[in-house]
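> Below is the file data32.cif, with mmCIF, C-alpha atoms.
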```
data_structure
loop_
_atom_site.label_atom_id
_atom_site.label_comp_id
_atom_site.auth_asym_id
_atom_site.auth_seq_id
_atom_site.Cartn_x
_atom_site.Cartn_y
_atom_site.Cartn_z
CA ASP A 1 99.52 100.61 112.35
CA VAL A 2 99.40 97.84 109.82
CA LYS A 3 102.51 95.78 109.61
CA VAL A 4 104.36 93.29 107.47
CA THR A 5 107.52 92.14 109.20
CA GLN A 6 110.38 90.29 107.56
CA SER A 7 112.62 88.39 109.91
CA SER A 8 115.96 89.80 108.72
CA ARG A 9 117.05 93.01 107.07
CA TYR A 10 120.39 91.63 105.91
CA LEU A 11 121.50 88.03 105.49
CA VAL A 12 124.71 86.43 104.28
CA LYS A 13 124.68 82.72 103.42
CA ARG A 14 127.02 80.26 101.77
CA THR A 15 126.43 78.51 98.47
CA GLY A 16 124.52 75.28 98.97
CA GLU A 17 122.94 76.27 102.29
CA LYS A 18 119.21 75.95 102.85
CA VAL A 19 117.86 79.43 103.57
CA PHE A 20 114.58 80.43 105.20
CA LEU A 21 113.11 83.91 104.83
CA GLU A 22 110.18 84.57 107.13
CA CYS A 23 107.35 87.06 106.78
CA VAL A 24 104.56 87.82 109.24
CA GLN A 25 101.56 90.12 108.78
CA ASP A 26 99.14 91.32 111.43
CA MET A 27 96.24 92.42 109.22
CA ASP A 28 94.45 89.07 108.78
CA HIS A 29 95.04 89.26 105.01
CA GLU A 30 94.26 86.28 102.82
CA ASN A 31 96.95 87.01 100.21
CA MET A 32 100.68 86.96 100.72
CA PHE A 33 103.43 87.42 98.15
CA TRP A 34 107.16 86.99 97.76
CA TYR A 35 108.90 89.21 95.23
CA ARG A 36 112.48 89.53 94.19
CA GLN A 37 113.85 92.98 93.33
CA ASP A 38 116.89 93.38 91.10
CA PRO A 39 118.26 96.52 89.42
CA GLY A 40 116.78 96.96 85.97
CA LEU A 41 114.34 94.07 86.44
CA GLY A 42 111.95 95.58 88.97
CA LEU A 43 109.78 93.33 91.12
CA ARG A 44 109.34 89.79 89.93
CA LEU A 45 106.82 87.53 91.60
CA ILE A 46 108.30 84.33 92.99
CA TYR A 47 105.25 82.83 94.72
CA PHE A 48 101.77 83.92 95.72
CA SER A 49 99.52 82.42 98.39
CA TYR A 50 95.80 83.19 98.54
CA ASP A 51 94.99 81.05 101.57
CA VAL A 52 96.56 78.81 104.16
CA LYS A 53 98.36 75.90 102.48
CA MET A 54 97.47 77.32 99.05
CA LYS A 55 100.17 78.61 96.73
CA GLU A 56 100.65 79.56 93.13
CA LYS A 57 103.89 79.90 91.19
CA GLY A 58 104.86 83.32 90.03
CA ASP A 59 107.19 84.26 87.21
CA ILE A 60 110.44 82.92 88.69
CA PRO A 61 109.75 80.00 91.07
CA GLU A 62 112.78 77.90 90.10
CA GLY A 63 115.09 77.27 93.04
CA TYR A 64 112.48 78.44 95.57
CA SER A 65 109.67 76.91 97.57
CA VAL A 66 107.20 78.39 100.04
CA SER A 67 105.24 77.38 103.09
CA ARG A 68 102.06 78.83 104.54
CA GLU A 69 100.92 76.81 107.53
CA LYS A 70 99.25 79.75 109.30
CA LYS A 71 97.41 82.69 107.83
CA GLU A 72 99.79 85.30 109.19
CA ARG A 73 103.06 83.67 108.17
CA PHE A 74 104.55 83.05 104.74
CA SER A 75 108.01 81.54 104.40
CA LEU A 76 110.29 81.55 101.38
CA ILE A 77 112.78 78.70 101.18
CA LEU A 78 115.90 78.53 99.06
CA GLU A 79 116.56 74.81 98.93
CA SER A 80 120.23 75.16 97.97
CA ALA A 81 121.34 78.77 97.79
CA SER A 82 123.30 79.90 94.77
CA THR A 83 125.11 83.15 94.02
CA ASN A 84 122.50 84.12 91.42
CA GLN A 85 119.95 84.27 94.23
CA THR A 86 121.76 87.24 95.74
CA SER A 87 119.03 89.87 95.72
CA MET A 88 116.54 91.96 97.66
CA TYR A 89 113.48 89.93 98.71
CA LEU A 90 110.21 91.68 99.45
CA CYS A 91 107.19 90.19 101.17
CA ALA A 92 103.72 91.70 100.83
CA SER A 93 100.19 90.97 101.95
CA SER A 94 96.77 92.10 100.76
CA PRO A 95 93.11 91.32 101.28
CA ARG A 96 91.59 89.08 98.65
CA THR A 97 89.03 91.79 97.96
CA VAL A 98 89.71 93.33 94.58
CA ASN A 99 90.75 96.97 94.32
CA THR A 100 92.65 96.84 97.59
CA GLU A 101 96.29 97.64 98.05
CA ALA A 102 99.16 95.47 99.16
CA PHE A 103 101.34 96.25 102.15
CA PHE A 104 105.05 95.59 102.00
CA GLY A 105 107.74 94.64 104.43
CA GLN A 106 111.09 96.44 104.55
CA GLY A 107 112.83 93.78 102.54
CA THR A 108 115.64 91.30 103.16
CA ARG A 109 118.89 91.82 101.33
CA LEU A 110 120.34 88.36 100.84
CA THR A 111 123.93 87.83 99.78
CA VAL A 112 125.04 84.31 98.82
CA VAL A 113 128.81 83.84 98.85
CA GLY B 1 99.82 86.94 79.79
CA ASP B 2 99.17 89.79 82.18
CA SER B 3 101.95 92.37 82.31
CA VAL B 4 102.90 95.96 83.01
CA THR B 5 105.34 98.04 80.96
CA GLN B 6 106.90 101.21 82.32
CA MET B 7 109.19 103.72 80.71
CA GLU B 8 112.83 103.06 81.45
CA GLY B 9 114.69 105.31 83.80
CA PRO B 10 116.39 106.96 85.30
CA VAL B 11 114.41 110.14 84.89
CA THR B 12 116.38 113.19 85.99
CA LEU B 13 114.58 116.49 86.54
CA SER B 14 115.18 119.86 88.10
CA GLU B 15 113.02 120.93 91.01
CA GLU B 16 109.61 122.32 89.94
CA ALA B 17 109.72 120.54 86.57
CA PHE B 18 106.75 118.59 85.21
CA LEU B 19 106.86 114.83 85.57
CA THR B 20 105.35 112.10 83.43
CA ILE B 21 106.11 108.42 83.89
CA ASN B 22 104.42 106.22 81.31
CA CYS B 23 102.73 102.94 82.18
CA THR B 24 100.80 100.57 79.93
CA TYR B 25 99.33 97.21 80.77
CA THR B 26 98.07 93.99 79.27
CA ALA B 27 95.41 92.11 81.18
CA THR B 28 92.33 90.00 80.68
CA GLY B 29 89.23 91.56 82.12
CA TYR B 30 89.26 94.81 84.06
CA PRO B 31 92.12 95.09 86.52
CA SER B 32 92.66 97.68 89.22
CA LEU B 33 95.68 99.90 88.67
CA PHE B 34 98.16 101.19 91.23
CA TRP B 35 101.24 103.36 91.55
CA TYR B 36 103.63 102.45 94.36
CA VAL B 37 106.68 104.42 95.49
CA GLN B 38 109.88 103.15 97.08
CA TYR B 39 112.04 105.69 98.90
CA PRO B 40 115.70 104.81 99.46
CA GLY B 41 116.15 102.02 101.99
CA GLU B 42 112.44 101.40 102.41
CA GLY B 43 109.76 99.00 101.25
CA LEU B 44 107.08 99.93 98.73
CA GLN B 45 104.10 102.03 99.72
CA LEU B 46 100.93 102.85 97.84
CA LEU B 47 100.93 106.26 96.15
CA LEU B 48 97.54 106.15 94.38
CA LYS B 49 95.10 103.81 92.73
CA ALA B 50 92.17 103.63 90.27
CA THR B 51 89.67 100.83 90.16
CA LYS B 52 87.72 101.37 86.92
CA ALA B 53 87.96 103.08 83.56
CA ASP B 54 88.22 106.91 83.63
CA ASP B 55 88.90 106.92 87.38
CA LYS B 56 91.58 109.38 88.44
CA GLY B 57 93.76 108.53 91.40
CA SER B 58 95.57 111.36 93.18
CA ASN B 59 97.83 111.84 96.20
CA LYS B 60 100.61 114.25 97.25
CA GLY B 61 100.24 116.19 93.99
CA PHE B 62 100.58 113.07 91.83
CA GLU B 63 97.78 112.02 89.48
CA ALA B 64 97.03 109.14 87.13
CA THR B 65 93.97 108.37 85.03
CA TYR B 66 92.82 104.86 84.14
CA ARG B 67 92.53 104.86 80.33
CA LYS B 68 90.93 101.65 79.14
CA GLU B 69 91.03 102.60 75.46
CA THR B 70 94.81 102.99 75.51
CA THR B 71 95.42 100.50 78.38
CA SER B 72 97.47 103.15 80.15
CA PHE B 73 97.90 104.64 83.63
CA HIS B 74 100.52 107.38 83.27
CA LEU B 75 101.77 109.12 86.42
CA GLU B 76 102.01 112.93 86.40
CA LYS B 77 103.02 115.69 88.77
CA GLY B 78 103.01 119.36 87.92
CA SER B 79 105.98 120.43 90.02
CA VAL B 80 108.40 117.88 91.47
CA GLN B 81 110.46 118.33 94.62
CA VAL B 82 113.79 116.88 95.68
CA SER B 83 111.88 114.76 98.20
CA ASP B 84 110.07 113.00 95.31
CA SER B 85 113.31 111.25 94.37
CA ALA B 86 112.44 107.55 94.56
CA VAL B 87 111.60 104.52 92.46
CA TYR B 88 108.04 104.42 91.12
CA PHE B 89 106.26 101.17 90.27
CA CYS B 90 103.11 100.73 88.23
CA ALA B 91 101.06 97.65 89.11
CA LEU B 92 97.83 95.93 88.21
CA GLY B 93 95.57 93.90 90.46
CA LEU B 94 93.82 90.98 88.82
CA ARG B 95 90.22 90.19 89.56
CA GLY B 96 89.56 87.02 91.41
CA TYR B 97 92.36 86.67 93.90
CA ASN B 98 93.66 90.28 93.71
CA LYS B 99 97.04 89.05 92.52
CA LEU B 100 99.41 91.96 91.91
CA ILE B 101 101.70 92.27 88.91
CA PHE B 102 104.37 94.99 88.91
CA GLY B 103 106.29 96.84 86.25
CA ALA B 104 110.07 97.13 86.28
CA GLY B 105 110.06 100.45 88.13
CA THR B 106 111.27 103.91 87.10
CA ARG B 107 113.91 105.72 89.13
CA LEU B 108 113.31 109.45 89.51
CA ALA B 109 116.10 111.81 90.58
CA VAL B 110 115.18 115.44 91.25
CA HIS B 111 117.96 118.00 91.59
CA PRO B 112 117.73 121.42 93.27
#
```
Could you rewrite the structure in this file as structure tokens?


Amino acid sequence: DVKVTQSSRYLVKRTGEKVFLECVQDMDHENMFWYRQDPGLGLRLIYFSYDVKMKEKGDIPEGYSVSREKKERFSLILESASTNQTSMYLCASSPRTVNTEAFFGQGTRLTVV
Amino acid sequence: GDSVTQMEGPVTLSEEAFLTINCTYTATGYPSLFWYVQYPGEGLQLLLKATKADDKGSNKGFEATYRKETTSFHLEKGSVQVSDSAVYFCALGLRGYNKLIFGAGTRLAVHP
């Protein structure tokens, strides 16, 4: 069974903390994504990586950074967490081949207090 | 830029009613088109896809046809069930790196 695993299902952090969200896939996919899901706003792309050490900003990269040192792992970093970053974070992976689907993790619900 | 627009929800239907969820897109070139579904408490999963103009994707009684002339990919089902209650996302996959762009999602609630 194909799998995208996010390190935490629920996370509570304090304002100003540095937060790491980890995502691992076991399908040898080139592409990995971090999305943020908020009610009424749907999925918004934060960052996209199409290869190891390669990244591209999505629609809302401000306040976030990413790291992809190995093909199977894609980390999202909140440099200094703020309350407006309270959200559901979804990681996904896909082959680079066009017409192919993405596979999603279960999501991490982050609350910043 | 590239984008996907879905009809706003929530959509509330009685069991066995007909469902249409509208989706239109803006993209350079010829993207692939997808519908994903998110059941409560779960991540997204692929429902169906179409890779070129006039293709029809279908799965679990849902259908959508890739209409290049109207840049649309509307989701339909002839008879919905309570178990179809979920959030539905339309998405496009861009040529080149297969980057995925999602719409805002449409919540469907089906009542007995």

> Could you list, as a list in words, the residues of chain A having an atom within 7 Å of chain B when counting all atoms listed in the file?

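Those within range of chain B come out as Gly40, Leu41, Gly42, Leu43, Tyr50, Arg96, Thr97, Val98, Asn99, Glu101, Phe103, Phe104, Gly105, Gln106 and Gly107 of chain A.
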
> For those residues, write C-alpha atoms to a file as a PDB file, in the coordinates of the input.


```
ATOM      1  CA  GLY A  40     116.780  96.960  85.970  1.00  0.00           C
ATOM      2  CA  LEU A  41     114.340  94.070  86.440  1.00  0.00           C
ATOM      3  CA  GLY A  42     111.950  95.580  88.970  1.00  0.00           C
ATOM      4  CA  LEU A  43     109.780  93.330  91.120  1.00  0.00           C
ATOM      5  CA  TYR A  50      95.800  83.190  98.540  1.00  0.00           C
ATOM      6  CA  ARG A  96      91.590  89.080  98.650  1.00  0.00           C
ATOM      7  CA  THR A  97      89.030  91.790  97.960  1.00  0.00           C
ATOM      8  CA  VAL A  98      89.710  93.330  94.580  1.00  0.00           C
ATOM      9  CA  ASN A  99      90.750  96.970  94.320  1.00  0.00           C
ATOM     10  CA  GLU A 101      96.290  97.640  98.050  1.00  0.00           C
ATOM     11  CA  PHE A 103     101.340  96.250 102.150  1.00  0.00           C
ATOM     12  CA  PHE A 104     105.050  95.590 102.000  1.00  0.00           C
ATOM     13  CA  GLY A 105     107.740  94.640 104.430  1.00  0.00           C
ATOM     14  CA  GLN A 106     111.090  96.440 104.550  1.00  0.00           C
ATOM     15  CA  GLY A 107     112.830  93.780 102.540  1.00  0.00           C
TER      16      GLY A 107
END
```

> May I ask which of the residues A:Tyr64, A:Phe33, A:Tyr47, A:Phe20 is the closest one to Val4 in chain A, counting only C-alpha atoms?

A:Phe33

> My list of candidates is B:Cys23, B:Val82, B:Val4, B:Val11. Which is closest to Arg67 in chain B when distances are computed with all atoms listed in the file?

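Counting all atoms listed in the file, the residue closest to Arg67 in chain B is B:Cys23.
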
> Fewer than 3 positions away in the same chain doesn't count, so skip those; otherwise give me all residues within 8 Å of Arg14 in chain A, counting only C-alpha atoms, as a PyMOL selection string.

chain A and resi 17+81-82+112-113

> How far is it from CA of Ala86 in chain B to CA of Ile46 in chain A, in Å with one decimal?

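Separation between CA of Ala86 in chain B and CA of Ile46 in chain A: 23.6 Å.
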
> Tell me, in Å to one decimal, how far CA of Gln81 in chain B is from CA of Glu16 in chain B.

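One can read the CA of Gln81 in chain B to CA of Glu16 in chain B distance as 6.2 Å.
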